[in-house]
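J.: Handing you a structure now.
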Amino acid sequence: MAENYKVDNVDLKILEILMQDAKKPYTEVAKKAFVSGGTVHVRMNKMEEAGIVEKTTLKVNYAKLGYDITAFIGIFLQKSALYDQVMAKLKAIPEITSIHYTTGNYSMFTKIHCKDTNHLKQVLHDKIQQVEGIERTETMISLEESLDRSLNLT
């Protein structure tokens, strides 16, 4: 049943509200979506079972925890058949927070957080560039994140 779940406007409204603040109580979500708290609970469970909602997370300000560098790394693979092997190794590097398999110049594109440029150098040189299958990398340091938002679903 979960695979065949059809999302309607009420579901989209519930998702939109919770994407802005996942900690918002279902009773408040219900008021804004003009449904009961029980309806929100049931629909969220159904969307989780259907794989529409995968998890809830916190947005952390890494800079306030001492991670002052956010960087994006374009990775060139020796051959695309090595993607799964390389991805498995990259997942073990804790500074990497996002990995994408891409078209275009890079085979892979990652996002990392480091404490400073020395930490960045250590992660690049001692961890990422040591992964077998990686031909080379290109690093872009983010100067500022100007936009981070969810899609507007309604």
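Just remember, in the structure tokens the first chain shown is A, the second B, etc., residues are 1-based per chain, and ligands are 1-based in the order shown.
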Just want the 9 Å neighbourhood of A:Ile141, counted on only C-alpha atoms, with same-chain residues fewer than 4 positions away dropped. Output as a ChimeraX atom specification.

T.: /A:69-73

J.: Identify, on the basis of only C-alpha atoms, every residue whose closest approach to A:Asp68 does not exceed 8 Å; exclude the query and any residue fewer than 4 positions from it along the same chain; express the result as an mmCIF file with N, CA and C atoms, in the first residue's frame.

T.:
data_model
loop_
_atom_site.group_PDB
_atom_site.id
_atom_site.type_symbol
_atom_site.label_atom_id
_atom_site.label_comp_id
_atom_site.auth_asym_id
_atom_site.auth_seq_id
_atom_site.Cartn_x
_atom_site.Cartn_y
_atom_site.Cartn_z
ATOM 1 N N TYR A 62 27.501 25.060 11.645
ATOM 2 C CA TYR A 62 28.816 24.449 11.875
ATOM 3 C C TYR A 62 29.855 25.475 12.306
ATOM 4 N N ALA A 63 29.766 26.691 11.807
ATOM 5 C CA ALA A 63 30.735 27.734 12.171
ATOM 6 C C ALA A 63 30.710 27.992 13.681
ATOM 7 N N LYS A 64 29.533 27.931 14.283
ATOM 8 C CA LYS A 64 29.435 28.166 15.726
ATOM 9 C C LYS A 64 30.001 27.011 16.538
ATOM 10 N N HIS A 113 32.910 20.080 5.640
ATOM 11 C CA HIS A 113 33.066 21.115 6.663
ATOM 12 C C HIS A 113 34.377 20.849 7.394
ATOM 13 N N CYS A 114 35.197 21.902 7.519
ATOM 14 C CA CYS A 114 36.487 21.791 8.194
ATOM 15 C C CYS A 114 36.663 22.951 9.165
ATOM 16 N N LYS A 115 37.538 22.760 10.151
ATOM 17 C CA LYS A 115 37.755 23.787 11.166
ATOM 18 C C LYS A 115 38.521 24.986 10.625
ATOM 19 N N ASP A 116 39.491 24.728 9.756
ATOM 20 C CA ASP A 116 40.316 25.804 9.200
ATOM 21 C C ASP A 116 41.004 25.270 7.944
#

J.: Can you tell me, as a VMD selection string, what residues are no more than 10 Å from A:Thr57 when counting only C-alpha atoms, ignoring any on the same chain fewer than 6 positions away?

T.: chain A and resid 19 21 to 23

J.: Could you turn the residues from that selection into a file that holds C-alpha atoms, as a short mmCIF file (atom, residue, chain, number, x, y, z; two decimals), in the first residue's frame?

T.:
data_model
loop_
_atom_site.label_atom_id
_atom_site.label_comp_id
_atom_site.auth_asym_id
_atom_site.auth_seq_id
_atom_site.Cartn_x
_atom_site.Cartn_y
_atom_site.Cartn_z
CA MET A 19 9.93 21.44 6.29
CA ASP A 21 10.23 23.61 11.37
CA ALA A 22 10.29 19.86 11.92
CA LYS A 23 9.89 20.39 15.68
#

J.: Enumerate, as JSON, numbers by chain, the complete set of residues in chain A that a backbone-based DSSP assignment places in helix (DSSP H, G or I).

T.: {"A": [2, 3, 4, 9, 10, 11, 12, 13, 14, 15, 16, 17, 18, 19, 20, 26, 27, 28, 29, 30, 31, 32, 33, 37, 38, 39, 40, 41, 42, 43, 44, 45, 46, 47, 48, 49, 62, 63, 64, 65, 80, 81, 82, 83, 84, 85, 86, 87, 88, 89, 90, 91, 117, 118, 119, 120, 121, 122, 123, 124, 125, 126, 127, 128, 129, 130]}

J.: Name the closest residue to A:Glu49 among the candidates A:Lys32, A:Gln85, A:Asn4, A:Glu95; distances are taken between atoms, counting only C-alpha atoms.

T.: A:Asn4

J.: Can you pull out the residues contacting A:Val29? Cut-off 8 Å, using only C-alpha atoms, and skip same-chain residues under 3 positions away; I want them as an MDAnalysis selection string.

T.: chainID A and resid 14 17:18 24:26 32:33 37 40

J.: Can you tell me which residues surround A:Leu151 at a distance of at most 12 Å, considering only C-alpha atoms, apart from same-chain residues fewer than 3 positions away, and format the answer as a VMD selection string?

T.: chain A and resid 12 to 13 15 to 20 147 to 148 154
